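Structure file query_20.pdb (PDB, C-alpha atoms, pLDDT in the B column) is printed below.
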```
ATOM      1  CA  PHE J   1     103.442 117.227  95.401  1.00 63.00           C
ATOM      2  CA  HIS J   2     105.725 116.451  98.306  1.00 54.00           C
ATOM      3  CA  ILE J   3     104.881 115.021 101.690  1.00 56.00           C
ATOM      4  CA  PRO J   4     107.939 115.983 103.780  1.00 52.00           C
ATOM      5  CA  ASP J   5     109.515 113.803 106.445  1.00 49.00           C
ATOM      6  CA  LYS J   6     109.727 116.740 108.909  1.00 50.00           C
ATOM      7  CA  ARG J   7     112.946 115.136 110.218  1.00 48.00           C
ATOM      8  CA  ILE J   8     110.972 112.411 111.981  1.00 47.00           C
ATOM      9  CA  PRO J   9     113.033 109.208 112.121  1.00 53.00           C
ATOM     10  CA  LEU J  10     111.830 106.410 109.839  1.00 56.00           C
ATOM     11  CA  VAL J  11     109.463 108.732 107.943  1.00 57.00           C
ATOM     12  CA  PRO J  12     110.577 109.208 104.326  1.00 67.00           C
ATOM     13  CA  ASN J  13     109.873 112.074 101.995  1.00 79.00           C
ATOM     14  CA  ILE J  14     107.031 110.957  99.738  1.00 87.00           C
ATOM     15  CA  GLY J  15     106.419 112.317  96.256  1.00 91.00           C
ATOM     16  CA  ILE J  16     103.280 112.397  94.138  1.00 95.00           C
ATOM     17  CA  ILE J  17     103.975 113.403  90.545  1.00 96.00           C
ATOM     18  CA  VAL J  18     100.906 114.267  88.479  1.00 97.00           C
ATOM     19  CA  GLY J  19     100.756 114.067  84.693  1.00 98.00           C
ATOM     20  CA  THR J  20      97.789 114.372  82.355  1.00 98.00           C
ATOM     21  CA  GLU J  21      97.480 110.574  82.007  1.00 98.00           C
ATOM     22  CA  SER J  22      99.104 109.038  85.086  1.00 98.00           C
ATOM     23  CA  VAL J  23     100.200 109.817  88.638  1.00 98.00           C
ATOM     24  CA  LEU J  24     103.424 108.399  90.089  1.00 98.00           C
ATOM     25  CA  VAL J  25     103.811 107.886  93.835  1.00 97.00           C
ATOM     26  CA  VAL J  26     107.409 107.724  95.095  1.00 95.00           C
ATOM     27  CA  ASP J  27     107.478 105.745  98.362  1.00 92.00           C
ATOM     28  CA  CYS J  28     104.360 105.012 100.405  1.00 92.00           C
ATOM     29  CA  GLY J  29     105.764 105.073 103.919  1.00 88.00           C
ATOM     30  CA  LEU J  30     105.875 102.652 106.820  1.00 87.00           C
ATOM     31  CA  GLY J  31     102.890 100.375 107.091  1.00 89.00           C
ATOM     32  CA  ILE J  32      99.257 100.261 106.166  1.00 93.00           C
ATOM     33  CA  GLU J  33      98.117 103.477 107.869  1.00 90.00           C
ATOM     34  CA  SER J  34     100.745 105.602 106.128  1.00 89.00           C
ATOM     35  CA  ALA J  35     100.059 104.003 102.749  1.00 92.00           C
ATOM     36  CA  GLU J  36      96.306 104.498 103.165  1.00 94.00           C
ATOM     37  CA  ASN J  37      96.878 108.214 103.809  1.00 92.00           C
ATOM     38  CA  VAL J  38      99.144 108.493 100.768  1.00 92.00           C
ATOM     39  CA  LEU J  39      96.680 106.574  98.584  1.00 97.00           C
ATOM     40  CA  ARG J  40      93.778 108.746  99.744  1.00 96.00           C
ATOM     41  CA  LEU J  41      95.634 111.923  98.735  1.00 95.00           C
ATOM     42  CA  THR J  42      96.774 110.300  95.484  1.00 97.00           C
ATOM     43  CA  ARG J  43      93.208 109.370  94.540  1.00 97.00           C
ATOM     44  CA  GLU J  44      92.154 112.995  95.089  1.00 96.00           C
ATOM     45  CA  LEU J  45      94.914 114.157  92.746  1.00 96.00           C
ATOM     46  CA  ALA J  46      94.566 111.328  90.220  1.00 97.00           C
ATOM     47  CA  VAL J  47      90.847 111.496  89.336  1.00 96.00           C
ATOM     48  CA  GLY J  48      90.581 109.462  86.129  1.00 95.00           C
ATOM     49  CA  ARG J  49      94.320 108.854  85.809  1.00 98.00           C
ATOM     50  CA  GLN J  50      96.300 105.655  86.244  1.00 98.00           C
ATOM     51  CA  ILE J  51      98.228 105.431  89.539  1.00 98.00           C
ATOM     52  CA  ILE J  52     101.762 104.016  89.561  1.00 98.00           C
ATOM     53  CA  LEU J  53     103.750 103.258  92.734  1.00 97.00           C
ATOM     54  CA  THR J  54     107.505 102.936  92.867  1.00 95.00           C
ATOM     55  CA  VAL J  55     109.893 102.959  95.823  1.00 92.00           C
ATOM     56  CA  THR J  56     113.408 104.287  96.162  1.00 85.00           C
ATOM     57  CA  HIS J  57     114.378 101.035  97.861  1.00 73.00           C
ATOM     58  CA  ALA J  58     112.731  98.007  99.433  1.00 81.00           C
ATOM     59  CA  HIS J  59     113.020  98.927 103.123  1.00 69.00           C
ATOM     60  CA  PRO J  60     109.992  98.927 105.442  1.00 74.00           C
ATOM     61  CA  GLU J  61     109.739 102.687 105.959  1.00 78.00           C
ATOM     62  CA  HIS J  62     109.694 103.307 102.190  1.00 74.00           C
ATOM     63  CA  GLY J  63     107.529 100.560 100.779  1.00 86.00           C
ATOM     64  CA  PHE J  64     106.041  98.183 103.335  1.00 86.00           C
ATOM     65  CA  GLY J  65     102.598  99.647 102.780  1.00 92.00           C
ATOM     66  CA  ALA J  66     102.539  98.701  99.097  1.00 94.00           C
ATOM     67  CA  GLN J  67      99.781  96.142  99.672  1.00 95.00           C
ATOM     68  CA  VAL J  68      97.343  99.054 100.048  1.00 96.00           C
ATOM     69  CA  PHE J  69      98.124 100.086  96.448  1.00 97.00           C
ATOM     70  CA  ARG J  70      97.921  96.564  94.976  1.00 96.00           C
ATOM     71  CA  SER J  71      94.436  96.844  93.445  1.00 96.00           C
ATOM     72  CA  ASP J  72      94.469 100.609  92.694  1.00 95.00           C
ATOM     73  CA  ALA J  73      97.902 101.055  91.158  1.00 98.00           C
ATOM     74  CA  ARG J  74     100.521  99.499  88.954  1.00 98.00           C
ATOM     75  CA  ILE J  75     103.459  98.741  91.272  1.00 96.00           C
ATOM     76  CA  TYR J  76     106.720  99.186  89.387  1.00 96.00           C
ATOM     77  CA  TYR J  77     110.223  98.422  90.762  1.00 93.00           C
ATOM     78  CA  ASN J  78     113.562  97.532  89.283  1.00 90.00           C
ATOM     79  CA  SER J  79     114.243  93.798  89.286  1.00 94.00           C
ATOM     80  CA  ALA J  80     117.006  94.104  91.916  1.00 91.00           C
ATOM     81  CA  GLN J  81     114.491  95.624  94.377  1.00 88.00           C
ATOM     82  CA  ARG J  82     112.022  92.840  93.652  1.00 92.00           C
ATOM     83  CA  ASP J  83     114.712  90.207  94.234  1.00 92.00           C
ATOM     84  CA  TYR J  84     115.870  91.907  97.457  1.00 88.00           C
ATOM     85  CA  LEU J  85     112.282  92.099  98.718  1.00 87.00           C
ATOM     86  CA  GLN J  86     111.755  88.398  97.984  1.00 92.00           C
ATOM     87  CA  ARG J  87     115.078  87.386  99.536  1.00 90.00           C
ATOM     88  CA  SER J  88     115.235  89.705 102.560  1.00 88.00           C
ATOM     89  CA  GLY J  89     111.807  91.269 103.073  1.00 85.00           C
ATOM     90  CA  GLN J  90     110.761  89.059 105.968  1.00 90.00           C
ATOM     91  CA  THR J  91     114.136  89.530 107.681  1.00 88.00           C
ATOM     92  CA  LEU J  92     113.799  93.319 107.341  1.00 84.00           C
ATOM     93  CA  LEU J  93     110.265  93.209 108.702  1.00 87.00           C
ATOM     94  CA  ASP J  94     111.336  91.055 111.655  1.00 88.00           C
ATOM     95  CA  GLY J  95     114.321  93.346 112.343  1.00 85.00           C
ATOM     96  CA  PHE J  96     112.172  96.465 112.384  1.00 80.00           C
ATOM     97  CA  ARG J  97     109.737  94.776 114.757  1.00 85.00           C
ATOM     98  CA  ALA J  98     112.485  93.418 117.013  1.00 87.00           C
ATOM     99  CA  GLY J  99     114.599  96.488 117.508  1.00 80.00           C
ATOM    100  CA  ILE J 100     114.611  99.279 114.975  1.00 77.00           C
ATOM    101  CA  LEU J 101     111.133 100.646 115.684  1.00 73.00           C
ATOM    102  CA  PRO J 102     110.446 102.129 119.117  1.00 79.00           C
ATOM    103  CA  GLU J 103     107.974 100.103 121.183  1.00 85.00           C
ATOM    104  CA  GLY J 104     105.135 102.561 120.579  1.00 82.00           C
ATOM    105  CA  GLN J 105     105.487 102.255 116.791  1.00 82.00           C
ATOM    106  CA  LYS J 106     105.775  98.490 116.336  1.00 85.00           C
ATOM    107  CA  HIS J 107     102.020  98.272 115.690  1.00 86.00           C
ATOM    108  CA  LEU J 108     102.570 100.186 112.442  1.00 84.00           C
ATOM    109  CA  LEU J 109     103.812  96.952 110.894  1.00 86.00           C
ATOM    110  CA  ASP J 110     100.809  94.871 111.982  1.00 92.00           C
ATOM    111  CA  GLY J 111      99.145  93.146 109.052  1.00 95.00           C
ATOM    112  CA  ILE J 112     101.959  93.814 106.586  1.00 92.00           C
ATOM    113  CA  LYS J 113     102.066  91.498 103.583  1.00 94.00           C
ATOM    114  CA  LEU J 114     105.220  91.671 101.520  1.00 93.00           C
ATOM    115  CA  THR J 115     103.926  92.855  98.157  1.00 95.00           C
ATOM    116  CA  PRO J 116     105.878  92.218  94.973  1.00 95.00           C
ATOM    117  CA  PRO J 117     105.596  94.629  92.056  1.00 96.00           C
ATOM    118  CA  HIS J 118     103.267  94.027  89.131  1.00 97.00           C
ATOM    119  CA  GLU J 119     106.082  94.900  86.769  1.00 97.00           C
ATOM    120  CA  THR J 120     109.857  95.397  86.845  1.00 96.00           C
ATOM    121  CA  TYR J 121     112.547  96.841  84.625  1.00 94.00           C
ATOM    122  CA  ASP J 122     116.050  95.419  84.124  1.00 93.00           C
ATOM    123  CA  THR J 123     117.854  98.335  82.512  1.00 92.00           C
ATOM    124  CA  ALA J 124     119.947 101.027  84.186  1.00 90.00           C
ATOM    125  CA  GLU J 125     117.218 103.551  83.432  1.00 93.00           C
ATOM    126  CA  THR J 126     113.623 103.557  82.297  1.00 96.00           C
ATOM    127  CA  VAL J 127     111.456 106.506  81.369  1.00 98.00           C
ATOM    128  CA  ILE J 128     107.813 106.883  82.334  1.00 98.00           C
ATOM    129  CA  ASP J 129     105.703 109.418  80.468  1.00 98.00           C
ATOM    130  CA  LEU J 130     102.938 110.494  82.827  1.00 98.00           C
ATOM    131  CA  GLY J 131     101.422 112.639  80.099  1.00 98.00           C
ATOM    132  CA  GLY J 132     103.285 115.888  79.714  1.00 96.00           C
ATOM    133  CA  ARG J 133     105.802 114.920  82.414  1.00 96.00           C
ATOM    134  CA  GLU J 134     108.770 112.685  81.902  1.00 97.00           C
ATOM    135  CA  VAL J 135     110.083 110.778  84.902  1.00 98.00           C
ATOM    136  CA  ARG J 136     113.292 108.762  84.842  1.00 96.00           C
ATOM    137  CA  LEU J 137     113.771 105.808  87.148  1.00 94.00           C
ATOM    138  CA  ARG J 138     117.462 104.999  87.488  1.00 91.00           C
ATOM    139  CA  THR J 139     118.801 101.912  89.165  1.00 88.00           C
ATOM    140  CA  TRP J 140     121.689 103.194  91.233  1.00 78.00           C
ATOM    141  CA  GLY J 141     122.993  99.769  92.128  1.00 72.00           C
ATOM    142  CA  THR J 142     123.971  98.694  95.604  1.00 74.00           C
ATOM    143  CA  ALA J 143     124.848 101.225  98.292  1.00 67.00           C
ATOM    144  CA  HIS J 144     122.136 101.698 100.936  1.00 64.00           C
ATOM    145  CA  SER J 145     120.373  98.531  99.765  1.00 73.00           C
ATOM    146  CA  PRO J 146     120.463  96.241  96.746  1.00 77.00           C
ATOM    147  CA  GLY J 147     118.567  97.912  93.923  1.00 82.00           C
ATOM    148  CA  ASP J 148     118.682 101.512  95.143  1.00 84.00           C
ATOM    149  CA  GLN J 149     116.700 103.648  92.720  1.00 89.00           C
ATOM    150  CA  ILE J 150     116.540 107.362  92.131  1.00 84.00           C
ATOM    151  CA  VAL J 151     113.539 109.094  90.591  1.00 91.00           C
ATOM    152  CA  PHE J 152     114.383 112.139  88.501  1.00 94.00           C
ATOM    153  CA  LEU J 153     112.199 114.717  86.782  1.00 94.00           C
ATOM    154  CA  PRO J 154     114.604 116.245  84.243  1.00 96.00           C
ATOM    155  CA  SER J 155     112.522 119.241  83.172  1.00 95.00           C
ATOM    156  CA  GLU J 156     111.941 120.328  86.793  1.00 94.00           C
ATOM    157  CA  ARG J 157     115.334 119.066  88.009  1.00 93.00           C
ATOM    158  CA  ILE J 158     113.684 117.325  90.957  1.00 91.00           C
ATOM    159  CA  LEU J 159     115.353 114.272  92.463  1.00 87.00           C
ATOM    160  CA  PHE J 160     114.003 111.658  94.864  1.00 86.00           C
ATOM    161  CA  ALA J 161     117.028 109.745  96.140  1.00 78.00           C
ATOM    162  CA  GLY J 162     115.588 107.810  99.077  1.00 70.00           C
ATOM    163  CA  ASP J 163     118.267 107.118 101.656  1.00 66.00           C
ATOM    164  CA  LEU J 164     121.152 107.598  99.226  1.00 58.00           C
ATOM    165  CA  LEU J 165     121.069 111.287 100.055  1.00 58.00           C
ATOM    166  CA  GLU J 166     120.437 112.548 103.564  1.00 54.00           C
ATOM    167  CA  GLU J 167     120.146 116.024 105.015  1.00 56.00           C
ATOM    168  CA  ARG J 168     122.116 116.854 108.171  1.00 53.00           C
ATOM    169  CA  MET J 169     123.312 113.290 108.602  1.00 52.00           C
ATOM    170  CA  PHE J 170     125.654 110.888 106.902  1.00 48.00           C
ATOM    171  CA  PRO J 171     123.845 108.398 104.640  1.00 50.00           C
ATOM    172  CA  ILE J 172     123.861 104.770 105.720  1.00 54.00           C
ATOM    173  CA  VAL J 173     125.507 102.799 102.933  1.00 48.00           C
ATOM    174  CA  PRO J 174     126.318  99.362 104.373  1.00 51.00           C
ATOM    175  CA  PHE J 175     126.687  97.743 100.959  1.00 53.00           C
ATOM    176  CA  PHE J 176     129.173 100.316  99.678  1.00 48.00           C
ATOM    177  CA  ALA J 177     132.903  99.598  99.643  1.00 49.00           C
ATOM    178  CA  PRO J 178     134.836  98.784 101.830  1.00 46.00           C
ATOM    179  CA  MET J 179     132.091  96.614 103.339  1.00 46.00           C
ATOM    180  CA  ILE J 180     132.009  94.725 100.043  1.00 41.00           C
ATOM    181  CA  GLY J 181     134.539  94.594  97.278  1.00 43.00           C
ATOM    182  CA  ALA J 182     134.239  97.209  94.549  1.00 44.00           C
ATOM    183  CA  GLY J 183     133.889  94.389  92.011  1.00 45.00           C
ATOM    184  CA  ASP J 184     130.712  93.201  93.760  1.00 41.00           C
ATOM    185  CA  ILE J 185     128.804  96.375  92.864  1.00 36.00           C
ATOM    186  CA  ASP J 186     126.872  96.191  89.593  1.00 38.00           C
TER     187      ASP J 186
END
```

Would you mind writing the file's structure down as structure tokens?
Amino acid sequence: FHIPDKRIPLVPNIGIIVGTESVLVVDCGLGIESAENVLRLTRELAVGRQIILTVTHAHPEHGFGAQVFRSDARIYYNSAQRDYLQRSGQTLLDGFRAGILPEGQKHLLDGIKLTPPHETYDTAETVIDLGGREVRLRTWGTAHSPGDQIVFLPSERILFAGDLLEERMFPIVPFFAPMIGAGDID
């Protein structure tokens, strides 16, 4: 299932991948209200299945609603995302409140608690078997943010790339060379 961004700024594409045993949510959106809507739909689709949440990267519009999933889902990131969230999460939150979000949307970040994952992986790729559906989480490295991750369904050839891949605009990759040396990229 796909919840499209409809080309609305700061609204990511959100994926819900259903297997026979588990359901994987890819990104939960900006803030509590968005995440509650995503979780409500996920519960309807999951009935009796484990829910797993992952994010393409640890920016507010992709994962700063994760607290809503904390008790209902296993939150699973790569370790670089976890570290980036711990190191820079509050700065990102403050920056979105101070200037990135339009005045009428700042309330969307009210009550946000930076929520670390329950579990991380440290390899370049990990595979999750949802029951009849294989999903690959691949740590892309550092380009749009430290710990960029893609989510790939090989049998369906579906890719969730977060902000590494944009439609009708150039992707924002501030951590990609020449802004940093090529040797600084894992």

With 8 Å of padding per side, what axis-aligned box (centre and edge lengths, Å, one decimal) covers all the listed atoms of segment 131-150 of chain J? Give it as AutoDock Vina command-line options.
```
--center_x 113.1 --center_y 106.1 --center_z 90.3 --size_x 39.4 --size_y 35.6 --size_z 37.2
```

Which residues are near Gln149 of chain J? Cut-off 9 Å, all atoms listed in the file, ignore same chain within fewer than 5 positions. Put them as a list of chain:residue names. J:Val55, J:Thr56, J:His57, J:Tyr77, J:Asn78, J:Gln81, J:Leu137, J:Arg138, J:Thr139, J:Trp140, J:Gly141, J:Phe160, J:Ala161, J:Gly162, J:Leu164

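With distances restricted to all atoms listed in the file, J:Leu114 is the closest residue to Arg87 of chain J from J:Ile14, J:Leu108, J:Leu114, J:Ile150.
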
The distance between atom CA of Gln90 of chain J and atom CA of Pro116 of chain J is 12.4 Å

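With only C-alpha atoms as the atoms that count, the minimum distance from Phe69 of chain J to the choices J:Ile32, J:Leu92, J:Asp83, J:Ala98 is reached by J:Ile32.
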
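Running the PyMOL selection byres ((chain J and resi 70) around 12) on this file leaves Cys28, Ile32, Ala35, Glu36, Leu39, Ile51, Ile52, Leu53, Thr54, Gly63, Phe64, Gly65, Ala66, Gln67, Val68, Phe69, Ser71, Asp72, Ala73, Arg74, Ile75, Tyr76, Lys113, Leu114, Thr115, Pro116, Pro117, His118 and Glu119 of chain J selected.
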
For the provided coordinates, the residues matched by the PyMOL selection byres ((chain J and resi 94) around 12) should be stated as a ChimeraX atom specification. /J:59-60,88-93,95-101,106,109-110,112,114

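Excluding Arg136 of chain J and any residue on its chain fewer than 3 positions from it, the residues at most 8 Å away by all atoms listed in the file are Glu125, Thr126, Val127, Ile128, Val151, Phe152, Leu153 and Pro154 of chain J.
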
Give me, please, the distance in Å between atom CA of Asn13 of chain J and atom CA of Ser79 of chain J, quoted to one decimal. 22.7 Å

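Proximity ranking of J:Gly131, J:Gly104, J:Gly111, J:Gly19 relative to Glu33 of chain J places J:Gly111 first, based on all atoms listed in the file.
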
Residue completion, segment 49-61 of chain J, N, CA and C atoms, as a short mmCIF file (atom, residue, chain, number, x, y, z; two decimals), in the coordinates of the input:
```
data_model
loop_
_atom_site.label_atom_id
_atom_site.label_comp_id
_atom_site.auth_asym_id
_atom_site.auth_seq_id
_atom_site.Cartn_x
_atom_site.Cartn_y
_atom_site.Cartn_z
N ARG J 49 92.99 109.19 86.30
CA ARG J 49 94.32 108.85 85.81
C ARG J 49 94.80 107.55 86.43
N GLN J 50 95.67 106.86 85.72
CA GLN J 50 96.30 105.66 86.24
C GLN J 50 97.25 106.04 87.38
N ILE J 51 97.30 105.23 88.43
CA ILE J 51 98.23 105.43 89.54
C ILE J 51 99.35 104.41 89.42
N ILE J 52 100.58 104.87 89.58
CA ILE J 52 101.76 104.02 89.56
C ILE J 52 102.50 104.25 90.88
N LEU J 53 102.94 103.16 91.51
CA LEU J 53 103.75 103.26 92.73
C LEU J 53 105.13 102.71 92.45
N THR J 54 106.15 103.45 92.86
CA THR J 54 107.50 102.94 92.87
C THR J 54 108.13 103.31 94.21
N VAL J 55 109.20 102.63 94.57
CA VAL J 55 109.89 102.96 95.82
C VAL J 55 111.37 103.19 95.53
N THR J 56 111.99 104.02 96.34
CA THR J 56 113.41 104.29 96.16
C THR J 56 114.25 103.08 96.57
N HIS J 57 113.74 102.30 97.49
CA HIS J 57 114.38 101.04 97.86
C HIS J 57 113.41 100.23 98.72
N ALA J 58 113.67 98.93 98.80
CA ALA J 58 112.73 98.01 99.43
C ALA J 58 112.99 97.85 100.93
N HIS J 59 112.95 98.96 101.66
CA HIS J 59 113.02 98.93 103.12
C HIS J 59 111.64 99.26 103.69
N PRO J 60 111.34 98.77 104.89
CA PRO J 60 109.99 98.93 105.44
C PRO J 60 109.45 100.35 105.46
N GLU J 61 110.27 101.33 105.83
CA GLU J 61 109.74 102.69 105.96
C GLU J 61 109.48 103.35 104.60
#
```
